[in-house]
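Text of the file structure_20.pdb, holding PDB, C-alpha atoms:
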ATOM      1  CA  MET A 169      70.481 131.973  61.463
ATOM      2  CA  GLN A 170      72.785 129.031  62.214
ATOM      3  CA  PRO A 171      73.198 128.436  65.963
ATOM      4  CA  ARG A 172      76.658 128.907  67.381
ATOM      5  CA  CYS A 173      78.757 125.793  67.949
ATOM      6  CA  ILE A 174      81.229 125.720  70.830
ATOM      7  CA  LEU A 175      84.616 124.670  69.474
ATOM      8  CA  VAL A 176      86.929 123.399  72.233
ATOM      9  CA  ALA A 177      90.705 123.303  71.871
ATOM     10  CA  SER A 178      93.918 122.697  73.783
ATOM     11  CA  ALA A 179      97.508 121.539  73.473
ATOM     12  CA  HIS A 180      98.651 118.106  74.653
ATOM     13  CA  ARG A 181     101.933 116.193  74.977
ATOM     14  CA  SER A 182     101.947 112.492  74.138
ATOM     15  CA  THR A 183     104.951 110.535  75.437
ATOM     16  CA  PHE A 184     106.365 107.080  74.829
ATOM     17  CA  GLY A 185     109.604 107.336  76.781
ATOM     18  CA  LEU A 186     112.383 104.805  77.347
ATOM     19  CA  GLY A 187     111.083 102.043  79.558
ATOM     20  CA  CYS A 188     107.587 103.499  79.789
ATOM     21  CA  ASN A 189     104.550 101.272  79.992
ATOM     22  CA  PRO A 190     102.280 101.788  76.968
ATOM     23  CA  LEU A 191      99.260 100.483  78.821
ATOM     24  CA  THR A 192      97.205 102.302  81.429
ATOM     25  CA  GLU A 193      99.243 103.458  84.436
ATOM     26  CA  ALA A 194      98.661 101.604  87.696
ATOM     27  CA  PRO A 195      96.330 103.601  89.973
ATOM     28  CA  LEU A 196      97.666 105.525  92.947
ATOM     29  CA  GLY A 197      97.846 103.321  96.002
ATOM     30  CA  SER A 198      98.269 100.103  94.032
ATOM     31  CA  ASP A 199     101.310  97.831  94.101
ATOM     32  CA  GLY A 200     102.293  99.075  90.648
ATOM     33  CA  LYS A 201     101.451  95.775  88.973
ATOM     34  CA  GLN A 202      98.693  95.139  86.456
ATOM     35  CA  TYR A 203      96.574  92.008  86.440
ATOM     36  CA  CYS A 204      94.083  90.344  84.112
ATOM     37  CA  ARG A 205      91.825  87.335  84.518
ATOM     38  CA  ARG A 206      92.485  84.497  82.064
ATOM     39  CA  ARG A 207      91.731  80.826  81.645
ATOM     40  CA  THR A 208      94.309  78.055  81.778
ATOM     41  CA  GLY A 209      96.394  78.050  78.624
ATOM     42  CA  GLU A 210      95.530  81.659  77.670
ATOM     43  CA  ALA A 211      98.475  83.376  79.362
ATOM     44  CA  LEU A 212     100.297  84.136  76.104
ATOM     45  CA  LEU A 213      97.364  85.215  73.982
ATOM     46  CA  PRO A 214      97.955  88.749  72.561
ATOM     47  CA  GLN A 215      95.152  90.297  74.601
ATOM     48  CA  ASN A 216      96.712  88.969  77.817
ATOM     49  CA  VAL A 217     100.274  90.074  77.154
ATOM     50  CA  LYS A 218     101.486  93.477  78.321
ATOM     51  CA  LYS A 219     103.309  95.288  75.520
ATOM     52  CA  THR A 220     106.440  97.355  76.188
ATOM     53  CA  VAL A 221     108.418  99.889  74.201
ATOM     54  CA  LYS A 222     112.001  98.630  74.316
ATOM     55  CA  HIS A 223     113.729 101.577  72.676
ATOM     56  CA  GLY A 224     111.439 104.466  73.558
ATOM     57  CA  GLY A 225     108.875 106.121  71.333
ATOM     58  CA  GLY A 226     109.754 109.756  71.905
ATOM     59  CA  LYS A 227     107.578 112.738  72.655
ATOM     60  CA  VAL A 228     105.196 114.681  70.448
ATOM     61  CA  ALA A 229     103.429 117.899  71.429
ATOM     62  CA  ILE A 230     100.151 118.490  69.611
ATOM     63  CA  TRP A 231      97.285 120.959  69.411
ATOM     64  CA  GLY A 232      93.791 119.883  68.511
ATOM     65  CA  CYS A 233      90.168 120.915  68.673
ATOM     66  CA  LEU A 234      86.722 119.351  68.754
ATOM     67  CA  THR A 235      83.457 120.405  67.181
ATOM     68  CA  TRP A 236      79.977 118.981  67.604
ATOM     69  CA  TYR A 237      80.403 117.576  64.094
ATOM     70  CA  GLY A 238      83.606 115.681  64.870
ATOM     71  CA  PRO A 239      87.311 116.148  65.580
ATOM     72  CA  GLY A 240      89.094 119.126  64.128
ATOM     73  CA  ARG A 241      92.582 119.243  62.708
ATOM     74  CA  LEU A 242      95.549 118.005  64.711
ATOM     75  CA  TYR A 243      98.690 120.149  64.629
ATOM     76  CA  ARG A 244     102.221 119.040  65.523
ATOM     77  CA  ILE A 245     104.012 121.576  67.714
ATOM     78  CA  ASP A 246     107.735 121.915  67.078
ATOM     79  CA  GLY A 247     109.797 123.192  69.997
ATOM     80  CA  ASN A 248     108.328 125.244  72.798
ATOM     81  CA  LEU A 249     104.947 126.766  72.077
ATOM     82  CA  ASN A 250     104.936 130.558  72.229
ATOM     83  CA  ALA A 251     102.337 133.217  71.436
ATOM     84  CA  ALA A 252     103.439 133.667  67.818
ATOM     85  CA  GLN A 253     103.337 129.932  67.137
ATOM     86  CA  TYR A 254      99.951 129.678  68.841
ATOM     87  CA  VAL A 255      98.534 132.286  66.458
ATOM     88  CA  LYS A 256      99.991 130.348  63.512
ATOM     89  CA  ILE A 257      98.231 127.209  64.793
ATOM     90  CA  LEU A 258      94.949 129.101  64.971
ATOM     91  CA  ASP A 259      95.450 130.475  61.468
ATOM     92  CA  ASP A 260      96.247 127.028  60.039
ATOM     93  CA  ALA A 261      94.435 124.407  62.131
ATOM     94  CA  LEU A 262      91.471 126.363  63.479
ATOM     95  CA  TYR A 263      90.573 127.894  60.148
ATOM     96  CA  GLY A 264      91.333 124.580  58.441
ATOM     97  CA  THR A 265      88.834 122.879  60.748
ATOM     98  CA  LEU A 266      86.173 125.465  59.972
ATOM     99  CA  SER A 267      86.799 124.953  56.254
ATOM    100  CA  ASP A 268      86.606 121.154  56.607
ATOM    101  CA  TYR A 269      83.156 121.365  58.221
ATOM    102  CA  GLY A 270      81.886 124.350  56.248
ATOM    103  CA  LEU A 271      81.514 126.445  59.409
ATOM    104  CA  PRO A 272      81.699 130.237  59.174
ATOM    105  CA  ILE A 273      83.694 131.905  61.939
ATOM    106  CA  SER A 274      80.511 133.663  63.048
ATOM    107  CA  SER A 275      78.929 130.277  63.861
ATOM    108  CA  ILE A 276      81.377 129.240  66.591
ATOM    109  CA  ILE A 277      82.250 130.114  70.162
ATOM    110  CA  PHE A 278      85.896 129.274  70.794
ATOM    111  CA  GLN A 279      86.833 127.683  74.132
ATOM    112  CA  GLN A 280      90.413 127.597  75.398
ATOM    113  CA  ASP A 281      91.995 127.568  78.829
ATOM    114  CA  ASN A 282      93.821 130.497  80.409
ATOM    115  CA  ASP A 283      97.358 129.552  79.446
ATOM    116  CA  PRO A 284      99.408 132.788  79.201
ATOM    117  CA  LYS A 285     100.016 132.165  75.493
ATOM    118  CA  HIS A 286      96.266 132.038  74.914
ATOM    119  CA  LYS A 287      95.785 135.329  76.765
ATOM    120  CA  SER A 288      98.771 137.100  75.218
ATOM    121  CA  LYS A 289      98.439 140.419  73.385
ATOM    122  CA  THR A 290      99.400 138.603  70.170
ATOM    123  CA  ALA A 291      96.593 136.059  70.555
ATOM    124  CA  GLU A 292      94.045 138.656  71.695
ATOM    125  CA  ALA A 293      94.861 140.779  68.638
ATOM    126  CA  PHE A 294      94.243 137.749  66.407
ATOM    127  CA  PHE A 295      90.876 137.008  68.008
ATOM    128  CA  GLU A 296      89.804 140.633  67.708
ATOM    129  CA  ALA A 297      90.978 140.987  64.094
ATOM    130  CA  HIS A 298      89.072 137.838  63.086
ATOM    131  CA  ASN A 299      85.961 138.546  65.182
ATOM    132  CA  ILE A 300      86.276 135.244  67.030
ATOM    133  CA  LYS A 301      83.873 135.002  69.947
ATOM    134  CA  LYS A 302      85.444 133.286  72.981
ATOM    135  CA  LEU A 303      83.755 131.407  75.798
ATOM    136  CA  PRO A 304      84.580 133.034  79.184
ATOM    137  CA  TRP A 305      86.652 130.586  81.213
ATOM    138  CA  ALA A 306      87.334 130.486  84.929
ATOM    139  CA  ALA A 307      90.951 130.818  86.038
ATOM    140  CA  SER A 308      90.807 127.362  87.646
ATOM    141  CA  SER A 309      88.287 124.992  86.110
ATOM    142  CA  PRO A 310      89.090 121.336  86.855
ATOM    143  CA  ASP A 311      87.338 118.648  84.802
ATOM    144  CA  MET A 312      85.444 121.123  82.638
ATOM    145  CA  ASN A 313      87.310 120.890  79.338
ATOM    146  CA  ILE A 314      85.909 117.915  77.431
ATOM    147  CA  ILE A 315      88.935 117.716  75.148
ATOM    148  CA  LYS A 316      90.930 116.436  78.126
ATOM    149  CA  ASN A 317      88.805 113.279  77.935
ATOM    150  CA  ALA A 318      89.489 113.081  74.203
ATOM    151  CA  TRP A 319      93.258 113.319  74.814
ATOM    152  CA  ALA A 320      93.094 110.437  77.296
ATOM    153  CA  TYR A 321      91.049 108.401  74.797
ATOM    154  CA  LEU A 322      93.556 109.195  72.029
ATOM    155  CA  ASP A 323      96.523 108.154  74.155
ATOM    156  CA  ARG A 324      94.792 104.907  75.026
ATOM    157  CA  LYS A 325      94.056 104.075  71.374
ATOM    158  CA  VAL A 326      97.657 104.749  70.378
ATOM    159  CA  ARG A 327      98.937 102.564  73.233
ATOM    160  CA  GLU A 328      96.721  99.723  72.029
ATOM    161  CA  ARG A 329      98.350  99.677  68.587
ATOM    162  CA  TYR A 330     100.612  96.904  67.388
ATOM    163  CA  PRO A 331     103.361  97.454  66.616
ATOM    164  CA  LEU A 332     103.785 100.439  68.882
ATOM    165  CA  PRO A 333     105.480 103.609  67.619
ATOM    166  CA  THR A 334     109.221 103.623  68.256
ATOM    167  CA  ASN A 335     110.139 107.214  67.319
ATOM    168  CA  PRO A 336     108.459 110.656  67.277
ATOM    169  CA  ASP A 337     107.514 110.496  63.592
ATOM    170  CA  GLN A 338     105.779 107.145  64.030
ATOM    171  CA  LEU A 339     104.053 108.467  67.145
ATOM    172  CA  TRP A 340     102.808 111.529  65.245
ATOM    173  CA  ALA A 341     101.504 109.339  62.402
ATOM    174  CA  ALA A 342      99.681 107.110  64.913
ATOM    175  CA  LEU A 343      98.180 110.114  66.709
ATOM    176  CA  GLU A 344      96.936 111.577  63.419
ATOM    177  CA  GLU A 345      95.367 108.289  62.330
ATOM    178  CA  GLU A 346      93.635 107.598  65.641
ATOM    179  CA  TRP A 347      92.418 111.211  65.920
ATOM    180  CA  ARG A 348      90.793 111.026  62.493
ATOM    181  CA  LYS A 349      89.037 107.809  63.603
ATOM    182  CA  LEU A 350      87.573 109.450  66.713
ATOM    183  CA  ASP A 351      83.962 108.310  66.884
ATOM    184  CA  LEU A 352      81.376 111.044  66.302
ATOM    185  CA  GLY A 353      79.057 109.509  68.894
ATOM    186  CA  TYR A 354      81.839 109.683  71.491
ATOM    187  CA  VAL A 355      82.520 113.341  70.671
ATOM    188  CA  GLN A 356      78.848 114.265  70.909
ATOM    189  CA  ARG A 357      78.479 112.424  74.214
ATOM    190  CA  LEU A 358      81.305 114.586  75.562
ATOM    191  CA  TYR A 359      79.387 117.703  74.503
ATOM    192  CA  GLU A 360      76.191 116.338  76.031
ATOM    193  CA  SER A 361      78.026 115.750  79.325
ATOM    194  CA  MET A 362      78.610 119.485  79.824
ATOM    195  CA  PRO A 363      75.391 120.289  81.753
ATOM    196  CA  GLY A 364      76.165 117.473  84.178
ATOM    197  CA  ARG A 365      79.773 118.635  84.540
ATOM    198  CA  VAL A 366      78.616 122.125  85.398
ATOM    199  CA  ALA A 367      76.105 120.822  87.944
ATOM    200  CA  ASP A 368      78.698 118.536  89.555
ATOM    201  CA  LEU A 369      81.229 121.357  89.716
ATOM    202  CA  ILE A 370      78.691 123.586  91.461
ATOM    203  CA  ASP A 371      77.877 120.790  93.925
ATOM    204  CA  ALA A 372      81.619 120.327  94.566
ATOM    205  CA  GLU A 373      81.951 124.082  95.168
ATOM    206  CA  GLY A 374      84.567 124.392  92.452
ATOM    207  CA  LEU A 375      86.682 121.430  93.562
ATOM    208  CA  TRP A 376      87.457 118.223  91.677
ATOM    209  CA  THR A 377      84.701 115.996  90.317
ATOM    210  CA  ASP A 378      84.810 112.490  88.831
ATOM    211  CA  HIS A 379      84.748 113.628  85.185
TER     212      HIS A 379
END
Now, as a test, write the supplied structure out as structure tokens.
Amino acid sequence: MQPRCILVASAHRSTFGLGCNPLTEAPLGSDGKQYCRRRTGEALLPQNVKKTVKHGGGKVAIWGCLTWYGPGRLYRIDGNLNAAQYVKILDDALYGTLSDYGLPISSIIFQQDNDPKHKSKTAEAFFEAHNIKKLPWAASSPDMNIIKNAWAYLDRKVRERYPLPTNPDQLWAALEEEWRKLDLGYVQRLYESMPGRVADLIDAEGLWTDH
């Protein structure tokens, strides 16, 4: 019998707004500036120049999932996500991911957070009708969802691109491309970090950890 694979999923909003900085935000408590060390004469080399988006890149809301075998399908969310649209995403992107990796639905445990749309009667009916086993999830579980790390990694890779996306369609295309290139070793290291995350969360008595 094939062991069950935990499949983690969540929605995410990627933003390149007017005047936003496409590099990493300055940390809290800093002076808001970013610095890099460079030798004399290297000030204008591409790696030492801070890129900006002059006309804004727009906003794109996405849903995605991870498996032990690699990233699942990415889905572009149009408008405000509701329970009916969430079920459509599951029907298209979740089942598409299972098909891509040759995984039967009986082989996975599905992990999602407790967003009201995820817990709606519409979504619960879908899970029950399709015999999808879900991972129990605490109401407040900071730092436990490994896909949050993958979203941060994805945003960073998109912000490193040149030229940067300048409209929502370009941003979506960049997100799709970088998501497909997500390194399998990185994904599996996220999965392997789970025991340590759980231990750290217990030590922190349910408060924030450094994950």
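Separating CA of Ala320 in chain A from CA of Gln279 in chain A is a distance of 18.6 Å.
Taking all atoms listed in the file into account, Asp268 in chain A lies nearest to A:Gly238 out of the set A:Gly238, A:Pro304, A:Pro333, A:Gly364.
Proximity to Leu358 in chain A was assessed for A:Thr334, A:Asn317, A:Asn299, A:Thr290 counting only C-alpha atoms; the smallest distance is recorded for A:Asn317.
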Two-atom distance - CA of Tyr237 in chain A, CA of Gln338 in chain A (Å):
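Atom-to-atom, CA of Tyr237 in chain A to CA of Gln338 in chain A, that is 27.4 Å.
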Nearest residue to Tyr269 in chain A from the set A:Ile315, A:Met362, A:Val355, A:Cys173 (distances using all atoms listed in the file):
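When distances to Tyr269 in chain A are compared using all atoms listed in the file, the smallest one comes from A:Cys173.
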Determine the residue set returned by the PyMOL selection byres ((chain A and resi 291) around 12) for the present structure, and present it as a PyMOL selection string.
chain A and resi 250-259+280+282-290+292-298+300+302
CA of Tyr354 in chain A to CA of Leu242 in chain A: how many Å, to one decimal?
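Spanning CA of Tyr354 in chain A to CA of Leu242 in chain A is a straight-line distance of 17.4 Å.
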The PyMOL selection byres ((chain A and resi 314) around 12) resolved against shown file, as number ranges by chain:
A: 174-178, 233-236, 279-281, 309-313, 315-321, 354-366, 379
Extending 8 Å beyond the listed atoms of range 277-282 of chain A on each side, what axis-aligned box results? I want centre and edge lengths in Å to one decimal, as AutoDock Vina command-line options.
--center_x 88.0 --center_y 129.0 --center_z 75.3 --size_x 27.6 --size_y 18.9 --size_z 26.2
Excluding same-chain residues fewer than 2 positions from Tyr243 in chain A, what lies within 10 Å of it counting only C-alpha atoms, as a ChimeraX atom specification?
/A:179,229-233,240-241,245-246,257-258,260-262,340,344
Write the residues of the preceding selection, restricted to C-alpha atoms, as a compact mmCIF listing (two decimals), keeping the file's coordinate frame.
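Result file again23.txt:
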# COMPACT_ATOMS: atom_id res chain seq x y z
CA ALA A 179 97.51 121.54 73.47
CA ALA A 229 103.43 117.90 71.43
CA ILE A 230 100.15 118.49 69.61
CA TRP A 231 97.28 120.96 69.41
CA GLY A 232 93.79 119.88 68.51
CA CYS A 233 90.17 120.92 68.67
CA GLY A 240 89.09 119.13 64.13
CA ARG A 241 92.58 119.24 62.71
CA ILE A 245 104.01 121.58 67.71
CA ASP A 246 107.74 121.92 67.08
CA ILE A 257 98.23 127.21 64.79
CA LEU A 258 94.95 129.10 64.97
CA ASP A 260 96.25 127.03 60.04
CA ALA A 261 94.44 124.41 62.13
CA LEU A 262 91.47 126.36 63.48
CA TRP A 340 102.81 111.53 65.24
CA GLU A 344 96.94 111.58 63.42
Phe278 in chain A proximity check over A:Leu266, A:Val326, A:Leu303, A:Val228, using all atoms listed in the file: winner is A:Leu303
Nearest to Ser274 in chain A among A:Asn248, A:Glu345, A:Leu322, A:Lys301, with distances taken over all atoms listed in the file: which residue is it?
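Comparing A:Asn248, A:Glu345, A:Leu322, A:Lys301 against Ser274 in chain A, the winner is A:Lys301.
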Could you give me range 350-361 of chain A completed to all heavy atoms, formatted as a PDB file, keeping the file's coordinate frame?
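out.pdb, written as the output of this step:
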ATOM      1  N   LEU A 350      88.356 109.168  65.506  1.00  0.00           N
ATOM      2  CA  LEU A 350      87.573 109.450  66.713  1.00  0.00           C
ATOM      3  C   LEU A 350      86.083 109.375  66.389  1.00  0.00           C
ATOM      4  O   LEU A 350      85.603 110.016  65.458  1.00  0.00           O
ATOM      5  CB  LEU A 350      87.934 110.843  67.229  1.00  0.00           C
ATOM      6  CG  LEU A 350      87.721 111.134  68.714  1.00  0.00           C
ATOM      7  CD1 LEU A 350      88.566 110.197  69.563  1.00  0.00           C
ATOM      8  CD2 LEU A 350      88.092 112.577  69.020  1.00  0.00           C
ATOM      9  N   ASP A 351      85.372 108.583  67.166  1.00  0.00           N
ATOM     10  CA  ASP A 351      83.962 108.310  66.884  1.00  0.00           C
ATOM     11  C   ASP A 351      83.097 109.538  67.135  1.00  0.00           C
ATOM     12  O   ASP A 351      83.202 110.184  68.188  1.00  0.00           O
ATOM     13  CB  ASP A 351      83.491 107.152  67.759  1.00  0.00           C
ATOM     14  CG  ASP A 351      82.042 106.811  67.536  1.00  0.00           C
ATOM     15  OD1 ASP A 351      81.705 106.373  66.421  1.00  0.00           O
ATOM     16  OD2 ASP A 351      81.240 106.992  68.470  1.00  0.00           O
ATOM     17  N   LEU A 352      82.238 109.879  66.169  1.00  0.00           N
ATOM     18  CA  LEU A 352      81.376 111.044  66.302  1.00  0.00           C
ATOM     19  C   LEU A 352      80.456 110.909  67.505  1.00  0.00           C
ATOM     20  O   LEU A 352      80.222 111.882  68.232  1.00  0.00           O
ATOM     21  CB  LEU A 352      80.550 111.239  65.024  1.00  0.00           C
ATOM     22  CG  LEU A 352      79.537 112.397  65.060  1.00  0.00           C
ATOM     23  CD1 LEU A 352      80.227 113.734  65.304  1.00  0.00           C
ATOM     24  CD2 LEU A 352      78.732 112.434  63.759  1.00  0.00           C
ATOM     25  N   GLY A 353      79.932 109.714  67.740  1.00  0.00           N
ATOM     26  CA  GLY A 353      79.057 109.509  68.894  1.00  0.00           C
ATOM     27  C   GLY A 353      79.776 109.807  70.197  1.00  0.00           C
ATOM     28  O   GLY A 353      79.194 110.396  71.116  1.00  0.00           O
ATOM     29  N   TYR A 354      81.048 109.402  70.290  1.00  0.00           N
ATOM     30  CA  TYR A 354      81.839 109.683  71.491  1.00  0.00           C
ATOM     31  C   TYR A 354      82.003 111.183  71.684  1.00  0.00           C
ATOM     32  O   TYR A 354      81.826 111.700  72.791  1.00  0.00           O
ATOM     33  CB  TYR A 354      83.201 109.003  71.373  1.00  0.00           C
ATOM     34  CG  TYR A 354      84.172 109.392  72.461  1.00  0.00           C
ATOM     35  CD1 TYR A 354      84.045 108.898  73.751  1.00  0.00           C
ATOM     36  CD2 TYR A 354      85.231 110.266  72.195  1.00  0.00           C
ATOM     37  CE1 TYR A 354      84.935 109.264  74.756  1.00  0.00           C
ATOM     38  CE2 TYR A 354      86.125 110.633  73.192  1.00  0.00           C
ATOM     39  CZ  TYR A 354      85.972 110.128  74.463  1.00  0.00           C
ATOM     40  OH  TYR A 354      86.840 110.493  75.455  1.00  0.00           O
ATOM     41  N   VAL A 355      82.341 111.886  70.596  1.00  0.00           N
ATOM     42  CA  VAL A 355      82.520 113.341  70.671  1.00  0.00           C
ATOM     43  C   VAL A 355      81.232 114.015  71.130  1.00  0.00           C
ATOM     44  O   VAL A 355      81.237 114.886  72.012  1.00  0.00           O
ATOM     45  CB  VAL A 355      82.973 113.910  69.311  1.00  0.00           C
ATOM     46  CG1 VAL A 355      82.989 115.434  69.335  1.00  0.00           C
ATOM     47  CG2 VAL A 355      84.343 113.365  68.938  1.00  0.00           C
ATOM     48  N   GLN A 356      80.113 113.621  70.557  1.00  0.00           N
ATOM     49  CA  GLN A 356      78.848 114.265  70.909  1.00  0.00           C
ATOM     50  C   GLN A 356      78.423 113.929  72.332  1.00  0.00           C
ATOM     51  O   GLN A 356      77.802 114.761  73.010  1.00  0.00           O
ATOM     52  CB  GLN A 356      77.780 113.879  69.887  1.00  0.00           C
ATOM     53  CG  GLN A 356      78.071 114.464  68.511  1.00  0.00           C
ATOM     54  CD  GLN A 356      76.980 114.216  67.493  1.00  0.00           C
ATOM     55  OE1 GLN A 356      76.105 113.374  67.687  1.00  0.00           O
ATOM     56  NE2 GLN A 356      77.026 114.942  66.383  1.00  0.00           N
ATOM     57  N   ARG A 357      78.769 112.739  72.808  1.00  0.00           N
ATOM     58  CA  ARG A 357      78.479 112.424  74.214  1.00  0.00           C
ATOM     59  C   ARG A 357      79.290 113.309  75.154  1.00  0.00           C
ATOM     60  O   ARG A 357      78.805 113.689  76.230  1.00  0.00           O
ATOM     61  CB  ARG A 357      78.756 110.937  74.493  1.00  0.00           C
ATOM     62  CG  ARG A 357      77.707 110.004  73.911  1.00  0.00           C
ATOM     63  CD  ARG A 357      77.844 108.597  74.459  1.00  0.00           C
ATOM     64  NE  ARG A 357      79.107 107.963  74.100  1.00  0.00           N
ATOM     65  CZ  ARG A 357      79.316 107.306  72.963  1.00  0.00           C
ATOM     66  NH1 ARG A 357      78.342 107.207  72.060  1.00  0.00           N
ATOM     67  NH2 ARG A 357      80.487 106.740  72.719  1.00  0.00           N
ATOM     68  N   LEU A 358      80.511 113.655  74.755  1.00  0.00           N
ATOM     69  CA  LEU A 358      81.305 114.586  75.562  1.00  0.00           C
ATOM     70  C   LEU A 358      80.609 115.946  75.638  1.00  0.00           C
ATOM     71  O   LEU A 358      80.509 116.549  76.714  1.00  0.00           O
ATOM     72  CB  LEU A 358      82.706 114.746  74.972  1.00  0.00           C
ATOM     73  CG  LEU A 358      83.661 113.557  75.113  1.00  0.00           C
ATOM     74  CD1 LEU A 358      84.989 113.865  74.438  1.00  0.00           C
ATOM     75  CD2 LEU A 358      83.886 113.213  76.579  1.00  0.00           C
ATOM     76  N   TYR A 359      80.123 116.426  74.513  1.00  0.00           N
ATOM     77  CA  TYR A 359      79.387 117.703  74.503  1.00  0.00           C
ATOM     78  C   TYR A 359      78.140 117.609  75.385  1.00  0.00           C
ATOM     79  O   TYR A 359      77.830 118.529  76.145  1.00  0.00           O
ATOM     80  CB  TYR A 359      78.990 118.079  73.076  1.00  0.00           C
ATOM     81  CG  TYR A 359      80.046 118.877  72.332  1.00  0.00           C
ATOM     82  CD1 TYR A 359      81.020 118.248  71.567  1.00  0.00           C
ATOM     83  CD2 TYR A 359      80.070 120.266  72.394  1.00  0.00           C
ATOM     84  CE1 TYR A 359      81.986 118.967  70.887  1.00  0.00           C
ATOM     85  CE2 TYR A 359      81.031 120.995  71.717  1.00  0.00           C
ATOM     86  CZ  TYR A 359      81.990 120.339  70.958  1.00  0.00           C
ATOM     87  OH  TYR A 359      82.949 121.064  70.297  1.00  0.00           O
ATOM     88  N   GLU A 360      77.432 116.495  75.268  1.00  0.00           N
ATOM     89  CA  GLU A 360      76.191 116.338  76.031  1.00  0.00           C
ATOM     90  C   GLU A 360      76.452 116.202  77.531  1.00  0.00           C
ATOM     91  O   GLU A 360      75.531 116.383  78.344  1.00  0.00           O
ATOM     92  CB  GLU A 360      75.425 115.118  75.516  1.00  0.00           C
ATOM     93  CG  GLU A 360      74.841 115.335  74.118  1.00  0.00           C
ATOM     94  CD  GLU A 360      74.345 114.048  73.474  1.00  0.00           C
ATOM     95  OE1 GLU A 360      74.686 112.950  73.994  1.00  0.00           O
ATOM     96  OE2 GLU A 360      73.637 114.130  72.450  1.00  0.00           O
ATOM     97  N   SER A 361      77.692 115.886  77.905  1.00  0.00           N
ATOM     98  CA  SER A 361      78.026 115.750  79.325  1.00  0.00           C
ATOM     99  C   SER A 361      78.215 117.107  80.015  1.00  0.00           C
ATOM    100  O   SER A 361      78.306 117.162  81.241  1.00  0.00           O
ATOM    101  CB  SER A 361      79.308 114.928  79.482  1.00  0.00           C
ATOM    102  OG  SER A 361      80.467 115.681  79.111  1.00  0.00           O
TER     103      SER A 361
END
